[in-house]
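The data block below is query_37.cif; it holds mmCIF, C-alpha atoms (C1' of nucleotides).
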data_structure
#
loop_
_atom_site.group_PDB
_atom_site.id
_atom_site.type_symbol
_atom_site.label_atom_id
_atom_site.label_comp_id
_atom_site.auth_asym_id
_atom_site.auth_seq_id
_atom_site.Cartn_x
_atom_site.Cartn_y
_atom_site.Cartn_z
ATOM 1 C CA MET A 69 -6.033 12.038 1.693
ATOM 2 C CA ARG A 70 -8.452 10.753 -0.946
ATOM 3 C CA ILE A 71 -7.453 8.199 -3.525
ATOM 4 C CA ASN A 72 -9.170 6.814 -6.603
ATOM 5 C CA LYS A 73 -10.826 3.433 -6.873
ATOM 6 C CA ALA A 74 -8.108 1.869 -9.017
ATOM 7 C CA THR A 75 -5.394 2.787 -6.542
ATOM 8 C CA ARG A 76 -7.531 1.609 -3.643
ATOM 9 C CA ASP A 77 -8.155 -1.776 -5.279
ATOM 10 C CA ASN A 78 -4.437 -2.147 -5.976
ATOM 11 C CA ILE A 79 -3.683 -1.399 -2.336
ATOM 12 C CA LEU A 80 -6.207 -3.967 -1.137
ATOM 13 C CA ALA A 81 -4.836 -6.556 -3.566
ATOM 14 C CA ALA A 82 -1.285 -5.898 -2.404
ATOM 15 C CA LEU A 83 -2.302 -6.186 1.246
ATOM 16 C CA ALA A 84 -4.077 -9.474 0.515
ATOM 17 C CA ALA A 85 -1.045 -10.829 -1.336
ATOM 18 C CA THR A 86 1.370 -9.785 1.424
ATOM 19 C CA TYR A 87 -0.646 -10.689 4.518
ATOM 20 C CA GLY A 88 -2.977 -13.306 3.068
ATOM 21 C CA GLY A 89 -2.932 -15.807 5.903
ATOM 22 C CA ALA A 90 -2.886 -13.251 8.702
ATOM 23 C CA THR A 91 -4.940 -13.982 11.777
ATOM 24 C CA THR A 92 -4.928 -13.054 15.434
ATOM 25 C CA ALA A 93 -1.724 -13.361 17.445
ATOM 26 C CA LEU A 94 -3.684 -13.820 20.662
ATOM 27 C CA GLU A 95 -3.609 -17.369 22.003
ATOM 28 C CA TYR A 96 -6.917 -18.762 23.263
ATOM 29 C CA GLY A 97 -8.742 -22.045 23.631
ATOM 30 C CA SER A 98 -12.357 -20.931 23.977
ATOM 31 C CA PRO A 99 -14.638 -17.943 23.319
ATOM 32 C CA PHE A 100 -14.295 -16.871 26.950
ATOM 33 C CA GLU A 101 -10.516 -16.988 26.731
ATOM 34 C CA LEU A 102 -10.526 -14.808 23.623
ATOM 35 C CA LEU A 103 -12.814 -12.322 25.367
ATOM 36 C CA VAL A 104 -10.368 -12.093 28.267
ATOM 37 C CA ALA A 105 -7.332 -11.849 25.985
ATOM 38 C CA VAL A 106 -8.835 -9.019 23.931
ATOM 39 C CA VAL A 107 -9.789 -7.041 27.036
ATOM 40 C CA LEU A 108 -6.239 -7.451 28.345
ATOM 41 C CA SER A 109 -4.777 -6.343 25.014
ATOM 42 C CA ALA A 110 -5.791 -2.699 25.424
ATOM 43 C CA GLN A 111 -2.641 -0.544 25.366
ATOM 44 C CA CYS A 112 -0.481 -3.663 25.604
ATOM 45 C CA THR A 113 1.352 -5.857 23.096
ATOM 46 C CA ASP A 114 -0.158 -9.219 22.129
ATOM 47 C CA THR A 115 3.136 -10.851 23.064
ATOM 48 C CA ARG A 116 2.758 -9.755 26.664
ATOM 49 C CA VAL A 117 -0.919 -10.718 26.764
ATOM 50 C CA ASN A 118 0.072 -14.224 25.677
ATOM 51 C CA ILE A 119 2.641 -14.442 28.469
ATOM 52 C CA ILE A 120 0.001 -13.448 31.004
ATOM 53 C CA THR A 121 -2.755 -15.696 29.688
ATOM 54 C CA SER A 122 -0.411 -18.693 29.492
ATOM 55 C CA ARG A 123 -0.184 -18.423 33.284
ATOM 56 C CA LEU A 124 -3.813 -17.384 33.814
ATOM 57 C CA PHE A 125 -5.843 -19.771 31.673
ATOM 58 C CA PRO A 126 -4.653 -23.158 32.978
ATOM 59 C CA ALA A 127 -6.385 -22.461 36.303
ATOM 60 C CA TYR A 128 -8.909 -19.758 35.345
ATOM 61 C CA ASP A 129 -10.518 -20.576 32.009
ATOM 62 C CA THR A 130 -14.209 -20.056 32.799
ATOM 63 C CA PRO A 131 -16.276 -17.131 34.124
ATOM 64 C CA ALA A 132 -16.997 -19.040 37.363
ATOM 65 C CA LYS A 133 -13.345 -19.832 38.045
ATOM 66 C CA MET A 134 -12.204 -16.301 37.242
ATOM 67 C CA LEU A 135 -14.940 -14.803 39.377
ATOM 68 C CA GLY A 136 -13.536 -16.785 42.285
ATOM 69 C CA LEU A 137 -10.260 -14.901 41.994
ATOM 70 C CA GLY A 138 -11.872 -11.577 42.880
ATOM 71 C CA GLU A 139 -10.608 -8.231 41.663
ATOM 72 C CA GLU A 140 -7.505 -8.269 43.830
ATOM 73 C CA GLY A 141 -6.515 -11.783 42.867
ATOM 74 C CA LEU A 142 -7.019 -11.188 39.163
ATOM 75 C CA ALA A 143 -5.273 -7.811 39.276
ATOM 76 C CA GLU A 144 -2.169 -9.453 40.691
ATOM 77 C CA LEU A 145 -2.071 -11.997 37.872
ATOM 78 C CA ILE A 146 -2.511 -9.433 35.086
ATOM 79 C CA ARG A 147 -0.438 -6.619 36.560
ATOM 80 C CA ASP A 148 2.267 -6.702 33.850
ATOM 81 C CA CYS A 149 -0.108 -5.726 31.037
ATOM 82 C CA GLY A 150 -0.877 -2.272 32.427
ATOM 83 C CA LEU A 151 -4.251 -0.661 33.190
ATOM 84 C CA TYR A 152 -4.563 -3.716 35.411
ATOM 85 C CA ARG A 153 -6.961 -2.382 38.044
ATOM 86 C CA ALA A 154 -9.537 -1.255 35.475
ATOM 87 C CA LYS A 155 -9.096 -4.483 33.492
ATOM 88 C CA ALA A 156 -9.504 -6.617 36.611
ATOM 89 C CA ARG A 157 -12.577 -4.710 37.745
ATOM 90 C CA ASN A 158 -14.183 -4.945 34.310
ATOM 91 C CA LEU A 159 -13.364 -8.618 33.807
ATOM 92 C CA ILE A 160 -14.729 -9.668 37.182
ATOM 93 C CA ALA A 161 -17.919 -7.722 36.516
ATOM 94 C CA ALA A 162 -18.096 -9.224 33.032
ATOM 95 C CA CYS A 163 -17.737 -12.752 34.464
ATOM 96 C CA ALA A 164 -20.618 -12.066 36.811
ATOM 97 C CA MET A 165 -22.766 -10.778 33.947
ATOM 98 C CA LEU A 166 -21.893 -13.735 31.722
ATOM 99 C CA LEU A 167 -23.050 -16.115 34.458
ATOM 100 C CA GLU A 168 -26.082 -14.068 35.425
ATOM 101 C CA ASP A 169 -27.456 -13.176 32.006
ATOM 102 C CA TYR A 170 -25.848 -15.443 29.394
ATOM 103 C CA GLY A 171 -25.510 -18.891 30.960
ATOM 104 C CA GLY A 172 -21.747 -18.468 31.171
ATOM 105 C CA GLU A 173 -21.418 -18.200 27.379
ATOM 106 C CA VAL A 174 -20.072 -15.311 25.291
ATOM 107 C CA PRO A 175 -23.038 -13.703 23.493
ATOM 108 C CA GLY A 176 -22.908 -13.460 19.698
ATOM 109 C CA ASN A 177 -24.353 -10.046 18.956
ATOM 110 C CA PHE A 178 -23.002 -6.513 19.211
ATOM 111 C CA ASP A 179 -25.475 -5.090 21.731
ATOM 112 C CA ASP A 180 -25.051 -7.895 24.240
ATOM 113 C CA LEU A 181 -21.261 -7.877 23.866
ATOM 114 C CA THR A 182 -20.972 -4.143 24.485
ATOM 115 C CA ARG A 183 -23.100 -4.455 27.623
ATOM 116 C CA LEU A 184 -20.213 -6.391 29.159
ATOM 117 C CA PRO A 185 -17.944 -4.162 31.273
ATOM 118 C CA GLY A 186 -14.648 -3.580 29.448
ATOM 119 C CA VAL A 187 -16.092 -4.520 26.058
ATOM 120 C CA GLY A 188 -16.466 -1.583 23.681
ATOM 121 C CA ARG A 189 -16.958 -1.313 19.952
ATOM 122 C CA LYS A 190 -13.518 -2.558 18.961
ATOM 123 C CA THR A 191 -13.510 -5.597 21.232
ATOM 124 C CA ALA A 192 -17.070 -6.512 20.236
ATOM 125 C CA ASN A 193 -16.152 -6.424 16.547
ATOM 126 C CA VAL A 194 -13.092 -8.614 17.152
ATOM 127 C CA LEU A 195 -15.233 -11.206 18.933
ATOM 128 C CA LEU A 196 -18.003 -11.096 16.338
ATOM 129 C CA SER A 197 -15.632 -11.679 13.429
ATOM 130 C CA GLN A 198 -13.324 -14.147 15.158
ATOM 131 C CA LEU A 199 -15.866 -16.248 17.076
ATOM 132 C CA PHE A 200 -19.089 -15.922 15.093
ATOM 133 C CA ALA A 201 -17.923 -15.269 11.509
ATOM 134 C CA VAL A 202 -19.880 -12.018 11.464
ATOM 135 C CA PRO A 203 -18.359 -9.580 8.921
ATOM 136 C CA ALA A 204 -16.884 -6.719 10.945
ATOM 137 C CA ILE A 205 -13.897 -4.383 10.917
ATOM 138 C CA ALA A 206 -12.493 -3.810 14.385
ATOM 139 C CA VAL A 207 -10.596 -0.517 14.363
ATOM 140 C CA ASP A 208 -7.717 -0.609 16.811
ATOM 141 C CA THR A 209 -4.707 1.689 16.941
ATOM 142 C CA HIS A 210 -3.033 -0.054 13.961
ATOM 143 C CA VAL A 211 -6.105 -0.172 11.729
ATOM 144 C CA PHE A 212 -6.862 3.482 12.497
ATOM 145 C CA ARG A 213 -3.342 4.659 11.676
ATOM 146 C CA VAL A 214 -2.653 2.458 8.624
ATOM 147 C CA ALA A 215 -6.044 2.896 6.950
ATOM 148 C CA ARG A 216 -5.636 6.660 7.129
ATOM 149 C CA ARG A 217 -2.047 6.631 5.891
ATOM 150 C CA LEU A 218 -2.983 4.429 2.932
ATOM 151 C CA GLY A 219 -5.912 6.689 2.091
ATOM 152 C CA LEU A 220 -8.420 3.866 2.509
ATOM 153 C CA ALA A 221 -10.420 5.929 4.998
ATOM 154 C CA THR A 222 -10.577 9.381 6.514
ATOM 155 C CA GLY A 223 -12.064 10.712 9.731
ATOM 156 C CA LYS A 224 -11.075 11.704 13.216
ATOM 157 C CA THR A 225 -12.535 8.786 15.140
ATOM 158 C CA PRO A 226 -12.217 4.979 14.960
ATOM 159 C CA GLU A 227 -15.931 4.749 14.181
ATOM 160 C CA GLN A 228 -15.577 7.072 11.183
ATOM 161 C CA VAL A 229 -12.641 5.025 9.886
ATOM 162 C CA GLU A 230 -14.667 1.848 10.398
ATOM 163 C CA GLU A 231 -17.496 3.294 8.289
ATOM 164 C CA GLY A 232 -15.065 4.387 5.602
ATOM 165 C CA LEU A 233 -13.407 0.976 5.424
ATOM 166 C CA MET A 234 -16.742 -0.807 5.173
ATOM 167 C CA LYS A 235 -17.495 1.284 2.079
ATOM 168 C CA VAL A 236 -14.263 0.510 0.218
ATOM 169 C CA VAL A 237 -13.573 -3.089 1.305
ATOM 170 C CA PRO A 238 -15.800 -5.885 -0.045
ATOM 171 C CA ARG A 239 -17.927 -7.316 2.744
ATOM 172 C CA HIS A 240 -16.435 -10.803 2.475
ATOM 173 C CA ASP A 241 -12.981 -9.302 3.102
ATOM 174 C CA TRP A 242 -13.867 -7.205 6.171
ATOM 175 C CA SER A 243 -12.492 -9.594 8.766
ATOM 176 C CA ASP A 244 -9.401 -10.403 6.730
ATOM 177 C CA ALA A 245 -8.692 -6.747 5.903
ATOM 178 C CA HIS A 246 -8.728 -6.014 9.623
ATOM 179 C CA HIS A 247 -5.851 -8.469 10.055
ATOM 180 C CA TRP A 248 -3.980 -7.251 6.961
ATOM 181 C CA LEU A 249 -3.928 -3.719 8.348
ATOM 182 C CA ILE A 250 -2.853 -4.847 11.814
ATOM 183 C CA TRP A 251 0.085 -6.880 10.540
ATOM 184 C CA HIS A 252 1.120 -4.137 8.127
ATOM 185 C CA GLY A 253 1.031 -1.708 11.035
ATOM 186 C CA ARG A 254 3.171 -3.963 13.185
ATOM 187 C CA LYS A 255 5.789 -4.948 10.643
ATOM 188 C CA ILE A 256 6.089 -1.968 8.287
ATOM 189 C CA CYS A 257 3.736 0.942 8.861
ATOM 190 C CA LYS A 258 4.695 1.464 12.488
ATOM 191 C CA ALA A 259 3.491 4.435 14.475
ATOM 192 C CA ARG A 260 6.826 5.925 15.321
ATOM 193 C CA ARG A 261 9.216 5.078 12.512
ATOM 194 C CA PRO A 262 7.426 3.571 9.497
ATOM 195 C CA ASP A 263 9.698 1.579 7.172
ATOM 196 C CA CYS A 264 8.613 3.186 3.909
ATOM 197 C CA GLU A 265 11.769 2.038 2.102
ATOM 198 C CA GLY A 266 10.961 -1.609 2.719
ATOM 199 C CA CYS A 267 7.217 -1.237 2.207
ATOM 200 C CA PRO A 268 5.615 -3.304 -0.562
ATOM 201 C CA LEU A 269 2.989 -0.565 -0.923
ATOM 202 C CA LYS A 270 5.327 2.390 -1.240
ATOM 203 C CA GLU A 271 4.401 3.031 -4.899
ATOM 204 C CA LEU A 272 0.701 3.106 -4.036
ATOM 205 C CA CYS A 273 0.712 4.857 -0.676
ATOM 206 C CA PRO A 274 -0.223 8.555 -0.627
ATOM 207 C CA SER A 275 1.734 8.976 2.625
ATOM 208 C CA ALA A 276 4.926 7.218 1.530
ATOM 209 C CA PHE A 277 8.135 9.026 2.345
ATOM 210 C CA LYS A 278 9.829 9.352 -1.052
ATOM 211 C "C1'" DC B 172 -11.897 15.406 27.712
ATOM 212 C "C1'" DT B 173 -9.122 12.707 31.431
ATOM 213 C "C1'" DC B 174 -7.771 8.682 33.648
ATOM 214 C "C1'" DC B 175 -6.077 4.103 33.862
ATOM 215 C "C1'" DC B 176 -0.559 1.801 33.693
ATOM 216 C "C1'" DG B 177 3.534 -1.731 33.116
ATOM 217 C "C1'" DA B 178 6.812 -3.243 29.526
ATOM 218 C "C1'" DT B 179 9.337 -2.247 25.528
ATOM 219 C "C1'" DA B 180 11.573 0.274 21.651
ATOM 220 C "C1'" DT B 181 13.786 4.300 20.175
ATOM 221 C "C1'" DA C 189 13.201 10.617 28.598
ATOM 222 C "C1'" DT C 190 9.445 9.689 25.697
ATOM 223 C "C1'" DA C 191 6.226 7.323 22.530
ATOM 224 C "C1'" DT C 192 3.668 3.341 21.926
ATOM 225 C "C1'" DC C 193 1.196 -0.974 22.686
ATOM 226 C "C1'" DA C 194 -5.231 -5.301 19.307
ATOM 227 C "C1'" DG C 195 -9.308 0.650 24.402
ATOM 228 C "C1'" DG C 196 -12.933 1.643 27.492
ATOM 229 C "C1'" DA C 197 -15.289 4.132 31.239
ATOM 230 C "C1'" DG C 198 -16.659 8.280 33.652
#

If you took the structure in this file and wrote it as structure tokens, what would it be?
Amino acid sequence: MRINKATRDNILAALAATYGGATTALEYGSPFELLVAVVLSAQCTDTRVNIITSRLFPAYDTPAKMLGLGEEGLAELIRDCGLYRAKARNLIAACAMLLEDYGGEVPGNFDDLTRLPGVGRKTANVLLSQLFAVPAIAVDTHVFRVARRLGLATGKTPEQVEEGLMKVVPRHDWSDAHHWLIWHGRKICKARRPDCEGCPLKELCPSAFK
DNA sequence: CTCCCGATAT
DNA sequence: ATATCAGGAG
């Protein structure tokens, strides 16, 4: 669904006004902790990730400490977030790579981040924008769904939606717009039963149920 | 494309 | 019962 520039700018202004102070819901105390939290957040609510990390981070807050857990030990601690074997395997391998190649620090560029096992395009963009103030639009399930419903972007893949959003959102708003779309997706524009009646964008949205 | 996967909402 | 949740790897 294509929309004109005036409508698009009104939508972006309304999102900014409604979700202006939005930021991540993931709780973390260091770049490494955010890396772990974002990997755990795949196909899992942020609320549950925070429950898990509140038990994990006090004892395992560095690559060296987490590596000492081993896959089995880590898997047991993160079991409740689902996909736990793959996440444990990837995180342990990522800890080893961080120590081996990056001095135990989280690298600050896209290519190095996506070399880490379990870190793909979306996670890398989250870390770049959140940790290094690099303008980026991480397209997760909410951003993908909401951007398309609002007519801000088209395309069949997250990467296509990311490209579309970068064209219509001013660069200095990329990181913020990512959070606006996530919170709108959580609170109003939900996957299963969107609350179009209570939506502040219902007059502007090409997908609104009227 | 399939697989990984438990917790929660509907 | 089923869809969905801050995806990524093979």

Can you check which parts of chain C lie within 10 Å of segment 174-179 of chain B? Per residue, the shortest pair of atoms and distance in Å to one decimal, counting all atoms listed in the file, sorted by chain and number, as a Markdown table.
| residue | atom | partner | partner_atom | distance |
| --- | --- | --- | --- | --- |
| C:DT192 | C1' | B:DT179 | C1' | 8.7 |
| C:DC193 | C1' | B:DT179 | C1' | 8.7 |
| C:DG196 | C1' | B:DC175 | C1' | 9.7 |
| C:DA197 | C1' | B:DC174 | C1' | 9.1 |
| C:DG198 | C1' | B:DC174 | C1' | 8.9 |

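When the PyMOL selection byres ((chain A) within 7 of (chain B)) is run on the displayed coordinates, the residues it returns are A:Asp148, A:Cys149, A:Gly150, A:Leu151, A:Ala154.
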
Discussion item. I'd like the contact shell of DA194 of chain C - 8 Å cut-off, only C-alpha atoms (C1' of nucleotides), skipping same-chain residues fewer than 2 positions apart - returned as a list in words.
Written reply: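 Everything that qualifies: Val106, Ser109, Ala110, Thr113, Asp114, Asp208, Thr209, His210 and Ile250 of chain A.
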
Could you take the residues named above and write them with C-alpha atoms, as a PDB file, in the coordinates of the input?
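Result saved to part_31.pdb:
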ATOM      1  CA  VAL A 106      -8.835  -9.019  23.931  1.00  0.00           C
ATOM      2  CA  SER A 109      -4.777  -6.343  25.014  1.00  0.00           C
ATOM      3  CA  ALA A 110      -5.791  -2.699  25.424  1.00  0.00           C
ATOM      4  CA  THR A 113       1.352  -5.857  23.096  1.00  0.00           C
ATOM      5  CA  ASP A 114      -0.158  -9.219  22.129  1.00  0.00           C
ATOM      6  CA  ASP A 208      -7.717  -0.609  16.811  1.00  0.00           C
ATOM      7  CA  THR A 209      -4.707   1.689  16.941  1.00  0.00           C
ATOM      8  CA  HIS A 210      -3.033  -0.054  13.961  1.00  0.00           C
ATOM      9  CA  ILE A 250      -2.853  -4.847  11.814  1.00  0.00           C
TER      10      ILE A 250
END

Item to complete: Could you tell me which residues the PyMOL selection byres ((chain A and resi 135) around 10) grabs in this file, written as a list in words?
Response: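 On the file shown, the PyMOL selection byres ((chain A and resi 135) around 10) covers Tyr128, Thr130, Pro131, Ala132, Lys133, Met134, Gly136, Leu137, Gly138, Glu139, Gly141, Leu142, Leu159, Ile160, Ala161, Ala162, Cys163, Ala164 and Leu167 of chain A.
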
Worksheet entry | Distance in Å - atom CA of Val237 of chain A versus atom CA of Ala204 of chain A |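 Atom CA of Val237 of chain A sits 10.8 Å away from atom CA of Ala204 of chain A.
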
Discussion item. Should the cut-off be 10 Å, what would the residue list for chain A against chain C look like, counting only C-alpha atoms (C1' of nucleotides), as a ChimeraX atom specification?
Written reply: /A:92-94,105-114,116,149,154-155,158,185-191,194,206-211,247,250,258-260

Write to file, as a compact mmCIF listing (two decimals), keeping the file's coordinate frame, the residues of the selection just made, with C-alpha atoms.
# COMPACT_ATOMS: atom_id res chain seq x y z
CA THR A 92 -4.93 -13.05 15.43
CA ALA A 93 -1.72 -13.36 17.44
CA LEU A 94 -3.68 -13.82 20.66
CA ALA A 105 -7.33 -11.85 25.98
CA VAL A 106 -8.84 -9.02 23.93
CA VAL A 107 -9.79 -7.04 27.04
CA LEU A 108 -6.24 -7.45 28.34
CA SER A 109 -4.78 -6.34 25.01
CA ALA A 110 -5.79 -2.70 25.42
CA GLN A 111 -2.64 -0.54 25.37
CA CYS A 112 -0.48 -3.66 25.60
CA THR A 113 1.35 -5.86 23.10
CA ASP A 114 -0.16 -9.22 22.13
CA ARG A 116 2.76 -9.76 26.66
CA CYS A 149 -0.11 -5.73 31.04
CA ALA A 154 -9.54 -1.25 35.48
CA LYS A 155 -9.10 -4.48 33.49
CA ASN A 158 -14.18 -4.94 34.31
CA PRO A 185 -17.94 -4.16 31.27
CA GLY A 186 -14.65 -3.58 29.45
CA VAL A 187 -16.09 -4.52 26.06
CA GLY A 188 -16.47 -1.58 23.68
CA ARG A 189 -16.96 -1.31 19.95
CA LYS A 190 -13.52 -2.56 18.96
CA THR A 191 -13.51 -5.60 21.23
CA VAL A 194 -13.09 -8.61 17.15
CA ALA A 206 -12.49 -3.81 14.38
CA VAL A 207 -10.60 -0.52 14.36
CA ASP A 208 -7.72 -0.61 16.81
CA THR A 209 -4.71 1.69 16.94
CA HIS A 210 -3.03 -0.05 13.96
CA VAL A 211 -6.10 -0.17 11.73
CA HIS A 247 -5.85 -8.47 10.06
CA ILE A 250 -2.85 -4.85 11.81
CA LYS A 258 4.70 1.46 12.49
CA ALA A 259 3.49 4.43 14.48
CA ARG A 260 6.83 5.92 15.32

Worksheet item: Pick from A:Pro226, A:Pro99, A:Pro126, A:Gly232: nearest to Val174 of chain A, with only C-alpha atoms counted?
Response: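 Result for the nearest residue to Val174 of chain A: A:Pro99.
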
Worksheet, complete the sentence: The distance between atom CA of Asp77 of chain A and atom CA of His252 of chain A is 16.5 Å

Worksheet item: In Å to one decimal, how far is atom CA of Ala192 of chain A from atom CA of Asp179 of chain A?
Response: 8.7 Å

Worksheet item: Taking the file as shown, what set of residues would the PyMOL selection byres ((chain A and resi 177) around 10) give back, as JSON, numbers by chain?
Response: {"A": [174, 175, 176, 178, 179, 180, 181, 182, 192, 193, 195, 196, 200, 202]}

Practice prompt. Determine the nearest neighbour of Ala81 of chain A from the options A:Ala276, A:Ala221, A:Ala245, A:Val214, counting all atoms listed in the file.
Written response: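 Selected residue with least distance to Ala81 of chain A: A:Ala245.
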
Discussion item. Between A:Cys257, A:Leu184, A:Cys264, A:Ala201, which residue has the minimum interatomic distance to Ala215 of chain A, considering only C-alpha atoms?
Written reply: A:Cys257
